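Source file: data-v7.cif. Holds: mmCIF, C-alpha atoms.
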data_entry
loop_
_atom_site.group_PDB
_atom_site.id
_atom_site.type_symbol
_atom_site.label_atom_id
_atom_site.label_comp_id
_atom_site.auth_asym_id
_atom_site.auth_seq_id
_atom_site.Cartn_x
_atom_site.Cartn_y
_atom_site.Cartn_z
ATOM 1 C CA MET X 231 6.349 -17.482 -44.728
ATOM 2 C CA LYS X 232 8.102 -20.169 -42.719
ATOM 3 C CA ARG X 233 10.494 -17.618 -41.257
ATOM 4 C CA SER X 234 7.655 -15.386 -39.981
ATOM 5 C CA GLN X 235 5.891 -18.390 -38.419
ATOM 6 C CA TYR X 236 9.127 -19.343 -36.691
ATOM 7 C CA TYR X 237 9.496 -15.835 -35.223
ATOM 8 C CA LEU X 238 5.869 -15.753 -34.137
ATOM 9 C CA ILE X 239 6.166 -19.096 -32.340
ATOM 10 C CA LEU X 240 9.430 -17.955 -30.764
ATOM 11 C CA LEU X 241 7.838 -14.729 -29.487
ATOM 12 C CA ILE X 242 4.831 -16.575 -28.068
ATOM 13 C CA ASN X 243 7.092 -19.070 -26.289
ATOM 14 C CA LEU X 244 9.289 -16.309 -24.855
ATOM 15 C CA PHE X 245 6.210 -14.466 -23.611
ATOM 16 C CA LEU X 246 4.874 -17.595 -21.902
ATOM 17 C CA VAL X 247 8.234 -18.441 -20.317
ATOM 18 C CA PHE X 248 8.735 -14.942 -18.889
ATOM 19 C CA SER X 249 5.130 -14.767 -17.680
ATOM 20 C CA LEU X 250 5.338 -18.095 -15.865
ATOM 21 C CA VAL X 251 8.790 -17.423 -14.412
ATOM 22 C CA GLY X 252 7.516 -14.116 -13.023
ATOM 23 C CA CYS X 253 4.663 -15.887 -11.250
ATOM 24 C CA PHE X 254 6.934 -18.480 -9.667
ATOM 25 C CA CYS X 255 9.581 -15.986 -8.572
ATOM 26 C CA ARG X 256 7.343 -13.982 -6.235
ATOM 27 C CA GLN X 257 8.880 -12.813 -3.023
ATOM 28 C CA LYS X 258 7.903 -14.617 0.144
ATOM 29 C CA ILE X 259 5.948 -12.491 2.597
ATOM 30 C CA GLU X 260 7.875 -11.986 5.828
ATOM 31 C CA VAL X 261 6.240 -10.532 8.943
ATOM 32 C CA LEU X 262 8.711 -9.286 11.556
ATOM 33 C CA PRO X 263 9.211 -9.659 14.439
ATOM 34 C CA LYS X 264 8.392 -13.337 14.832
ATOM 35 C CA SER X 265 6.799 -12.618 18.235
ATOM 36 C CA LEU X 266 5.811 -9.524 20.210
ATOM 37 C CA PRO X 267 7.106 -8.692 23.694
ATOM 38 C CA ASN X 268 4.963 -9.319 26.750
ATOM 39 C CA ALA X 269 3.090 -6.452 28.390
ATOM 40 C CA SER X 270 2.451 -5.249 31.933
ATOM 41 C CA PHE X 271 -1.031 -4.485 33.212
ATOM 42 C CA GLY X 272 -1.738 -0.739 33.315
ATOM 43 C CA LYS X 273 1.558 0.284 31.669
ATOM 44 C CA PRO X 274 1.780 1.728 28.145
ATOM 45 C CA TYR X 275 2.626 -0.837 25.463
ATOM 46 C CA TYR X 276 4.228 -0.174 22.076
ATOM 47 C CA ALA X 277 5.535 -2.559 19.428
ATOM 48 C CA GLU X 278 6.220 -2.253 15.711
ATOM 49 C CA ILE X 279 5.466 -4.826 13.002
ATOM 50 C CA ASN X 280 7.074 -4.764 9.548
ATOM 51 C CA ILE X 281 5.738 -6.709 6.580
ATOM 52 C CA LYS X 282 8.179 -7.313 3.739
ATOM 53 C CA GLY X 283 7.794 -8.975 0.355
ATOM 54 C CA GLY X 284 5.194 -6.802 -1.397
ATOM 55 C CA LEU X 285 2.807 -3.901 -1.016
ATOM 56 C CA ILE X 286 -0.159 -4.682 1.229
ATOM 57 C CA ASP X 287 -3.596 -4.111 -0.283
ATOM 58 C CA ASP X 288 -5.313 -2.021 2.399
ATOM 59 C CA ARG X 289 -8.744 -2.998 1.033
ATOM 60 C CA LEU X 290 -8.032 -6.624 1.974
ATOM 61 C CA PHE X 291 -6.369 -5.985 5.346
ATOM 62 C CA ASP X 292 -8.416 -7.415 8.223
ATOM 63 C CA TYR X 293 -7.507 -7.943 11.852
ATOM 64 C CA LEU X 294 -8.955 -9.090 15.155
ATOM 65 C CA ILE X 295 -7.774 -8.435 18.697
ATOM 66 C CA GLU X 296 -9.021 -10.902 21.313
ATOM 67 C CA SER X 297 -10.191 -9.794 23.910
ATOM 68 C CA GLU X 298 -12.118 -6.796 22.629
ATOM 69 C CA ASN X 299 -11.521 -4.723 25.776
ATOM 70 C CA SER X 300 -7.792 -5.402 25.902
ATOM 71 C CA GLY X 301 -6.796 -1.749 25.655
ATOM 72 C CA LEU X 302 -4.499 -2.420 22.692
ATOM 73 C CA GLU X 303 -5.011 -1.364 19.093
ATOM 74 C CA LEU X 304 -3.335 -2.166 15.768
ATOM 75 C CA LEU X 305 -2.692 0.838 13.509
ATOM 76 C CA PRO X 306 -0.661 1.777 10.440
ATOM 77 C CA PHE X 307 2.533 3.611 11.421
ATOM 78 C CA ASP X 308 2.031 6.350 8.805
ATOM 79 C CA LEU X 309 -1.192 6.587 6.801
ATOM 80 C CA LYS X 310 0.412 9.099 4.424
ATOM 81 C CA SER X 311 3.128 6.717 3.240
ATOM 82 C CA ALA X 312 2.908 4.852 -0.070
ATOM 83 C CA SER X 313 2.424 1.537 1.746
ATOM 84 C CA PRO X 314 0.871 2.289 5.156
ATOM 85 C CA TYR X 315 -0.030 -1.314 6.008
ATOM 86 C CA ASN X 316 3.536 -2.577 5.570
ATOM 87 C CA HIS X 317 4.553 -0.891 8.830
ATOM 88 C CA LEU X 318 2.121 -1.354 11.727
ATOM 89 C CA ILE X 319 2.142 -0.480 15.417
ATOM 90 C CA VAL X 320 0.490 -2.119 18.372
ATOM 91 C CA LYS X 321 -0.093 0.399 21.122
ATOM 92 C CA GLY X 322 -2.228 1.107 24.124
ATOM 93 C CA THR X 323 -2.437 0.334 27.815
ATOM 94 C CA PRO X 324 -3.486 -3.223 28.684
ATOM 95 C CA LYS X 325 -6.698 -3.235 30.744
ATOM 96 C CA MET X 326 -6.598 -6.934 31.592
ATOM 97 C CA THR X 327 -4.186 -9.648 32.618
ATOM 98 C CA GLY X 328 -3.817 -12.885 30.712
ATOM 99 C CA THR X 329 -3.388 -13.473 27.000
ATOM 100 C CA ILE X 330 -4.170 -11.053 24.176
ATOM 101 C CA ILE X 331 -4.220 -12.505 20.665
ATOM 102 C CA ILE X 332 -3.758 -10.349 17.574
ATOM 103 C CA LYS X 333 -4.632 -11.971 14.237
ATOM 104 C CA PHE X 334 -4.378 -10.336 10.867
ATOM 105 C CA LEU X 335 -4.961 -11.518 7.333
ATOM 106 C CA SER X 336 -4.151 -9.666 4.144
ATOM 107 C CA SER X 337 -2.865 -9.891 0.607
ATOM 108 C CA THR X 338 -0.241 -8.139 -1.447
ATOM 109 C CA PHE X 339 -0.991 -6.358 -4.698
ATOM 110 C CA GLY X 340 -0.522 -8.456 -7.793
ATOM 111 C CA THR X 341 0.951 -7.365 -11.093
ATOM 112 C CA MET X 342 1.038 -9.906 -13.925
ATOM 113 C CA CYS X 343 0.401 -12.603 -11.336
ATOM 114 C CA PRO X 344 -1.965 -12.540 -8.360
ATOM 115 C CA GLY X 345 -0.743 -11.199 -5.033
ATOM 116 C CA SER X 346 0.189 -13.422 -2.106
ATOM 117 C CA GLU X 347 -2.134 -13.971 0.847
ATOM 118 C CA PHE X 348 -0.747 -14.269 4.352
ATOM 119 C CA GLU X 349 -1.897 -14.597 7.937
ATOM 120 C CA LYS X 350 -0.069 -13.828 11.173
ATOM 121 C CA ILE X 351 -1.054 -14.506 14.773
ATOM 122 C CA TYR X 352 0.681 -12.827 17.699
ATOM 123 C CA THR X 353 0.202 -13.690 21.366
ATOM 124 C CA ILE X 354 0.940 -11.099 24.045
ATOM 125 C CA ASN X 355 1.003 -12.184 27.683
ATOM 126 C CA VAL X 356 -0.075 -9.426 30.071
ATOM 127 C CA GLU X 357 1.352 -9.771 33.565
ATOM 128 C CA GLU X 358 0.664 -7.778 36.739
#
Can you turn what I pasted into structure tokens?
Amino acid sequence: MKRSQYYLILLINLFLVFSLVGCFCRQKIEVLPKSLPNASFGKPYYAEINIKGGLIDDRLFDYLIESENSGLELLPFDLKSASPYNHLIVKGTPKMTGTIIIKFLSSTFGTMCPGSEFEKIYTINVEE
């Protein structure tokens, strides 16, 4: 009887240790590049963004481009891939001079532990 209780307590403790270690050892989300290149008014613009550290939950991906009529858009690189929101592109032709701000907020999928939330803000200066 005592031996079976010992094994049960040992199994419960091992389960808790591995569960907690898994939650604390999550990868850090890294959004690259750190900044996007500047653009020129009326000339085509293209830049790629890579998100590393987990699969992005496309249901929780939200973005905003300020100003609305900037001429730029943020899109997944390949919608058919297994993780389309981990590789994004910014493309278009700027229709204004000044500053364009791209903000996005999302979360990674969780497994035993919840996913990680992250936010990134890019500033693109459009020159004549």
Taking into account only C-alpha atoms, which residue in the set X:Phe339, X:Phe307, X:Phe334, X:Phe271 is nearest to Leu285 (chain X)?
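Residue with the minimum atom-to-atom distance to Leu285 (chain X): X:Phe339.
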Which residues are near Phe291 (chain X)? Cut-off 9 Å, only C-alpha atoms, ignore same chain within fewer than 4 positions. Put them as number ranges by chain.
X: 286-287, 315, 334-337
Provide the CA of Tyr352 (chain X) to CA of Ala277 (chain X) distance in Å, to one decimal place.
11.5 Å
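Here CA of Lys325 (chain X) stands at a distance of 9.4 Å from CA of Ser270 (chain X).
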Box along x, y and z, 3 Å on every side, all listed atoms of region 262-275 of chain X inside: centre and edge lengths in Å to one decimal, as lines of an AutoDock Vina configuration file.
center_x = 3.7
center_y = -5.8
center_z = 22.4
size_x = 16.9
size_y = 21.1
size_z = 27.8
Between CA of Ala269 (chain X) and CA of Asn299 (chain X), what distance in Å does the model show, to one decimal?
14.9 Å
Can you tell me, as a short mmCIF file (atom, residue, chain, number, x, y, z; two decimals) with C-alpha atoms, in the frame of the given file, what residues are no more than 12 Å from Lys264 (chain X) when counting all atoms listed in the file, ignoring any on the same chain fewer than 2 positions away?
data_model
loop_
_atom_site.label_atom_id
_atom_site.label_comp_id
_atom_site.auth_asym_id
_atom_site.auth_seq_id
_atom_site.Cartn_x
_atom_site.Cartn_y
_atom_site.Cartn_z
CA GLU X 260 7.88 -11.99 5.83
CA VAL X 261 6.24 -10.53 8.94
CA LEU X 262 8.71 -9.29 11.56
CA LEU X 266 5.81 -9.52 20.21
CA PRO X 267 7.11 -8.69 23.69
CA GLU X 278 6.22 -2.25 15.71
CA ILE X 279 5.47 -4.83 13.00
CA ASN X 280 7.07 -4.76 9.55
CA ILE X 281 5.74 -6.71 6.58
CA LYS X 350 -0.07 -13.83 11.17
CA ILE X 351 -1.05 -14.51 14.77
CA TYR X 352 0.68 -12.83 17.70
CA THR X 353 0.20 -13.69 21.37
#
With distances taken over all atoms listed in the file, which of X:Gly340, X:Gly284, X:Lys258, X:Ile295 is nearest to Ala312 (chain X)?
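Between X:Gly340, X:Gly284, X:Lys258, X:Ile295, the residue approaching Ala312 (chain X) most closely is X:Gly284.
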In terms of the shortest atom-to-atom distance over only C-alpha atoms, which of X:Leu244, X:Asp292, X:Lys282, X:Glu298 is closest to Pro324 (chain X)?
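Nearest to Pro324 (chain X): X:Glu298.
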X:Ile319, X:Ile331, X:Ile239, X:Met326 ranked by distance to Gly301 (chain X), top pick (using all atoms listed in the file)
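Closest to Gly301 (chain X), using all atoms listed in the file: X:Met326.
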Between X:Glu357, X:Asp308, X:Leu294, X:Tyr275, which one has atoms that come closest to Val320 (chain X), using all atoms listed in the file?
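Counting all atoms listed in the file, the residue closest to Val320 (chain X) is X:Tyr275.
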